[in-house]
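Here the structure is laid out as structure tokens; the discussion comes afterwards.
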Protein chains: 2
Amino acid sequence: MKKYCVGIDIGGTTVKCGLFTTDGELLKKWEVVTRKEENGHHILSDVAKELKVVLNNEGITKDEVEGIGMGIPGPVLPDGSVEICVNLGWKDANPCKEMSELMDGIACKASNDANVAALGEMWKGGGRGYKNLVCVTLGTGVGGGVIMNGEIVNGSHGCAGEIGHMHVNDQETDYCNCGGRGCLEQVGSATGIVKLAHKNLEDPILPSTMEEFGDALTAKDVVDCAKKGDICAIDTIDTCSKYLGIALATLTYTVDPEVFVIGGGVSKAGSWLIEQIEKYYHHNSSLTKHKAEIKLAELGNDAGIYGSARLVLTK
Amino acid sequence: MKKYCVGIDIGGTTVKCGLFTTDGELLKKWEVVTRKEENGHHILSDVAKELKVVLNNEGITKDEVEGIGMGIPGPVLPDGSVEICVNLGWKDANPCKEMSELMDGIACKASNDANVAALGEMWKGGGRGYKNLVCVTLGTGVGGGVIMNGEIVNGSHGCAGEIGHMHVNDQETDYCNCGGRGCLEQVGSATGIVKLAHKNLEDPILPSTMEEFGDALTAKDVVDCAKKGDICAIDTIDTCSKYLGIALATLTYTVDPEVFVIGGGVSKAGSWLIEQIEKYYHHNSSLTKHKAEIKLAELGNDAGIYGSARLVLTK
């Protein structure tokens with residue numbers, strides 16, 4: 001094992017980069033703007049250029065770097081290639097091959113960004129000490145990553161861990177971005193919570209303090225109002241928690257992890273939210289008395305660079 | 001690798017046994033009655049006694065046997081132990097250790113019966129040629145097995161692949177055997193189909209030929225009536241197929257297999273049923289254009305002995 005590794009988390013706005021020792025110490029982190037023009041043609045060369053500068057400044061040669069891992073915001077096929085990545089403009093790309101060429105032959109690996117975030121949380125975050133976990137990221141959407149025996153489950157077509165699109169709600173009338181209806185993302189994401197709150201406000205059980213926020217209402221506002229006892233907000237979070245609990249139970253009945261790690265902006269609601277979800281998770285996994293733990297993610301926006309770096313340390 | 005291996009599929013009524021070559025040829029199969037008295041104390045010794053007779057008759061010594069695999073009708077913990085197995089009366093059992101002692105030290109492995117059936121279908125059945133598959137068994141209940149990279153995913157508490165208890169139907173008012181409500185088993189099993197048909201018959205859209213069967217109505221009758229165009233039966237199978245399709249889509253979004261293998265008594269409805277399920281599976285997995293194939297199981301009741309035998313050939 002060489003001394004250093006690099007984690008690159010490619011997002012639609014910025015690329016987060018981290019230089020690590022192979023035992024997991026973050027030495028330096030930086031960001032590169034995601035240039036999406038010309039179908040994202042410049043993204044990898046921009047990153048490589050900056051990375052060379054960093055390695056040079058740190059006095060690190062390419063022979064001291066174990067590898068470069070990349071998290072990509074879309075499905076990554078088993079061979080590391082990308083058929084389509086809407087957020088970056090990529091089509092039929094082979095980012096590993098390209099990055100390796102740009103970096104003078106340093107080994108590269110890639111996986112979906114939510115999957116690498118899960119791996120990061122296993123390595124140095126809320127999932128430390130576990131080898132079988134599912135990470136659920138409650139952000140603008142709902143992302144996920146499944147880790148079994150310490151390795152990412154990518155699936156045969158790069159769709160494993162896309163738990164935001166599990167169908168959980170048969171009564172949903174609106175469409176999800178994926179084209180489906182009743183996806184977990186429609187009730188469990190920040191966007192979903194706000195939408196649900198507005199629906200509940202149309203015909204509230206009681207006057208609600210959420211009304212004051214009008215169209216500026218955020219998921220955080222809903223959580224804050226619920227914590228203060230607002231019945232309409234409590235009802236909103238209860239619905240969201242119910243479907244998240246059902247989703248975790250379904251994950252227990254499919255891959256049965258040791259622990260669930262909940263991250264993303266919505267998870268800032270903290271242990272209060274975890275308890276709401278846990279109640280429904282336990283209720284819907286009645287077949288077994290062995291319940292997985294539910295923990296909060298710890299790495300925040302750095303989960304992706306940690307996990308990308310960790311990716312190159314697996315066989 | 002030695003020349004022979006043994007597969008033991010322990011059921012609540014009979015224990016199915018098979019002697020195989022390690023390249024998968026079934027040389028001999030036989031059954032032993034499951035003696036459940038005294039908390040199933042005699043089951044393994046009965047099986048061992050018979051197995052010794054078979055090996056002796058075939059002129060096979062214990063040194064020529066790679067191992068004995070067992071499928072058990074309940075959760076098996078990662079160390080091969082069983083906390084509780086209601087169908088056999090076992091409590092805090094270690095069937096691998098016990099069987100190995102009874103068979104003079106031959107190596108033993110155990111897994112859940114539905115999981116080993118999936119492994120059997122991968123080895124010599126409908127899943128031949130694949131390493132990532134999910135097997136769904138539509139029988140009295142709904143069982144399942146998840147295979148990734150050619151190996152059973154048992155899960156951290158032996159609950160992986162228990163897909164019959166995935167919550168799919170929020171509108172269900174009856175309870176499932178597991179204590180939950182809205183489980184796949186309640187709509188996708190033979191029992192579920194019959195129950196659903198009776199509900200539909202209470203207020204049929206049109207007079208239905210299913211009425212003639214009265215309380216003797218079976219899932220096969222419902223399928224037969226649907227194939228003949230009976231609207232009420234078609235509606236029943238449509239509901240069942242819808243939830244099965246949703247469940248397959250959920251499995252794509254969690255483990256993303258190459259292929260689904262559908263077995264069990266209900267699957268005798270054949271490719272007609274597969275097409276119904278496929279329609280809903282495709283509709284509910286709109287995130288990806290890469291769909292897993294859906295195939296029929298091929299080994300019938302022998303899937304368990306094939307898979308149990310195969311179990312001892314994995315690391």
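Following the order of the structure tokens, first chain is A, next is B, and so on, with residues numbered from 1 inside each chain and ligands from 1 in the order they appear.
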(Q) Should the cut-off be 8 Å, what would the residue list for chain B against chain A look like, counting only C-alpha atoms, as a ChimeraX atom specification? (A) /B:132,146,153-163,165-170,178-180,246,249-258,283-288,290
**Q.** Residue neighbourhood Lys124 in chain A, 8 Å, only C-alpha atoms, exclusion window fewer than 5 positions, as a VMD selection string
**A.** chain A and resid 24 299 306
Export of prior selection with C-alpha atoms as a PDB file, in the first residue's frame:
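Contents of out-v3.pdb, freshly written:
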```
ATOM      1  CA  GLY A  24      -7.647   7.923   6.234  1.00  0.00           C
ATOM      2  CA  LEU A 299     -19.038  13.522   7.572  1.00  0.00           C
ATOM      3  CA  TYR A 306     -13.665  10.216   2.014  1.00  0.00           C
TER       4      TYR A 306
END
```
Q: List the neighbours of range 118-122 of chain B out to 9 Å using only C-alpha atoms; skip same-chain residues closer than 3 positions along the sequence, and give me the result as an MDAnalysis selection string.
A: chainID B and resid 113:115 125:137 144:147 150:152 261 297:299 302:311
Q | Non-local contacts of Thr14 in chain A (8 Å; only C-alpha atoms; under 3 positions in same chain excluded) as number ranges by chain | A | A: 10-11, 31-34
Q: Name all residues at most 12 Å from Asp215 in chain A (count only C-alpha atoms; drop same-chain ones fewer than 3 positions away) and give them as a PyMOL selection string.
A: chain A and resi 194-195+197-198+201+210-212+218-219+221
May I have the selected residues written with N, CA, C and O atoms, as a PDB file, in the first residue's frame?
```pdb
ATOM      1  N   VAL A 194     -41.516  19.743   2.150  1.00  0.00           N
ATOM      2  CA  VAL A 194     -42.133  21.062   1.920  1.00  0.00           C
ATOM      3  C   VAL A 194     -43.454  20.909   1.146  1.00  0.00           C
ATOM      4  O   VAL A 194     -44.477  21.508   1.501  1.00  0.00           O
ATOM      5  N   LYS A 195     -43.431  20.064   0.133  1.00  0.00           N
ATOM      6  CA  LYS A 195     -44.629  19.833  -0.676  1.00  0.00           C
ATOM      7  C   LYS A 195     -45.761  19.250   0.179  1.00  0.00           C
ATOM      8  O   LYS A 195     -46.917  19.675   0.096  1.00  0.00           O
ATOM      9  N   ALA A 197     -46.044  19.514   3.403  1.00  0.00           N
ATOM     10  CA  ALA A 197     -46.493  20.526   4.363  1.00  0.00           C
ATOM     11  C   ALA A 197     -47.507  21.465   3.707  1.00  0.00           C
ATOM     12  O   ALA A 197     -48.550  21.771   4.282  1.00  0.00           O
ATOM     13  N   HIS A 198     -47.196  21.894   2.481  1.00  0.00           N
ATOM     14  CA  HIS A 198     -48.132  22.778   1.766  1.00  0.00           C
ATOM     15  C   HIS A 198     -49.473  22.080   1.550  1.00  0.00           C
ATOM     16  O   HIS A 198     -50.524  22.700   1.688  1.00  0.00           O
ATOM     17  N   LEU A 201     -51.307  22.111   4.712  1.00  0.00           N
ATOM     18  CA  LEU A 201     -51.764  23.466   5.061  1.00  0.00           C
ATOM     19  C   LEU A 201     -53.044  23.858   4.314  1.00  0.00           C
ATOM     20  O   LEU A 201     -53.756  24.763   4.736  1.00  0.00           O
ATOM     21  N   MET A 210     -46.857  27.269  10.466  1.00  0.00           N
ATOM     22  CA  MET A 210     -46.157  27.156   9.181  1.00  0.00           C
ATOM     23  C   MET A 210     -46.709  28.126   8.146  1.00  0.00           C
ATOM     24  O   MET A 210     -46.023  28.466   7.187  1.00  0.00           O
ATOM     25  N   GLU A 211     -47.972  28.550   8.359  1.00  0.00           N
ATOM     26  CA  GLU A 211     -48.602  29.463   7.400  1.00  0.00           C
ATOM     27  C   GLU A 211     -47.813  30.753   7.204  1.00  0.00           C
ATOM     28  O   GLU A 211     -47.762  31.311   6.107  1.00  0.00           O
ATOM     29  N   GLU A 212     -47.161  31.210   8.297  1.00  0.00           N
ATOM     30  CA  GLU A 212     -46.403  32.472   8.249  1.00  0.00           C
ATOM     31  C   GLU A 212     -45.282  32.458   7.191  1.00  0.00           C
ATOM     32  O   GLU A 212     -44.904  33.487   6.671  1.00  0.00           O
ATOM     33  N   THR A 218     -39.278  26.089   4.349  1.00  0.00           N
ATOM     34  CA  THR A 218     -38.250  25.076   4.072  1.00  0.00           C
ATOM     35  C   THR A 218     -38.502  23.837   4.931  1.00  0.00           C
ATOM     36  O   THR A 218     -39.284  23.885   5.894  1.00  0.00           O
ATOM     37  N   ALA A 219     -37.786  22.757   4.593  1.00  0.00           N
ATOM     38  CA  ALA A 219     -37.912  21.518   5.394  1.00  0.00           C
ATOM     39  C   ALA A 219     -37.480  21.790   6.833  1.00  0.00           C
ATOM     40  O   ALA A 219     -38.067  21.262   7.781  1.00  0.00           O
ATOM     41  N   ASP A 221     -37.833  24.602   8.471  1.00  0.00           N
ATOM     42  CA  ASP A 221     -38.957  25.275   9.136  1.00  0.00           C
ATOM     43  C   ASP A 221     -39.997  24.254   9.616  1.00  0.00           C
ATOM     44  O   ASP A 221     -40.516  24.356  10.722  1.00  0.00           O
TER      45      ASP A 221
END
```
Q: Tell me which protein, DNA and RNA residues are within 9 Å of range 43-52 of chain B, counting only C-alpha atoms, leaving out same-chain ones fewer than 2 positions away, and put them as a list in words.
A: Val6, Ile8, Ile10, Val15, Cys17, Leu19, Glu31, Val32, Val33, Thr34, Arg35, Lys36, Gly40, His41, Val54, Leu55, Asn56, Asn57, Leu88, Pro95, Glu98, Met99, Leu102 and Met103 of chain B
(Q) With DSSP run on the backbone, what are the alpha helix (DSSP H) residues within range 166-307 of chain B? I'd like them as JSON, numbers by chain. (A) {"B": [185, 186, 187, 188, 190, 191, 192, 193, 194, 195, 196, 197, 198, 199, 200, 201, 202, 219, 220, 221, 222, 223, 224, 225, 226, 227, 231, 232, 233, 234, 235, 236, 237, 238, 239, 240, 241, 242, 243, 244, 245, 246, 247, 248, 249, 250, 251, 252, 253, 254, 271, 272, 273, 274, 275, 276, 277, 278, 279, 280, 281, 282, 283, 303, 304, 305, 306, 307]}
(Q) Could you list, as a count of residues only, every residue within 9 Å of Gly192 in chain A, counting only C-alpha atoms and ignoring same-chain residues fewer than 6 positions away? (A) 7
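The nearest approach to Asp104 in chain A among the residues A:Thr209, A:Thr61, A:Ser81, A:Thr21, with only C-alpha atoms taken into account, belongs to A:Thr61.
Nearest residue to Leu296 in chain A among A:Lys242, A:Lys279, A:Lys29, A:Lys268 is A:Lys268, counting only C-alpha atoms.
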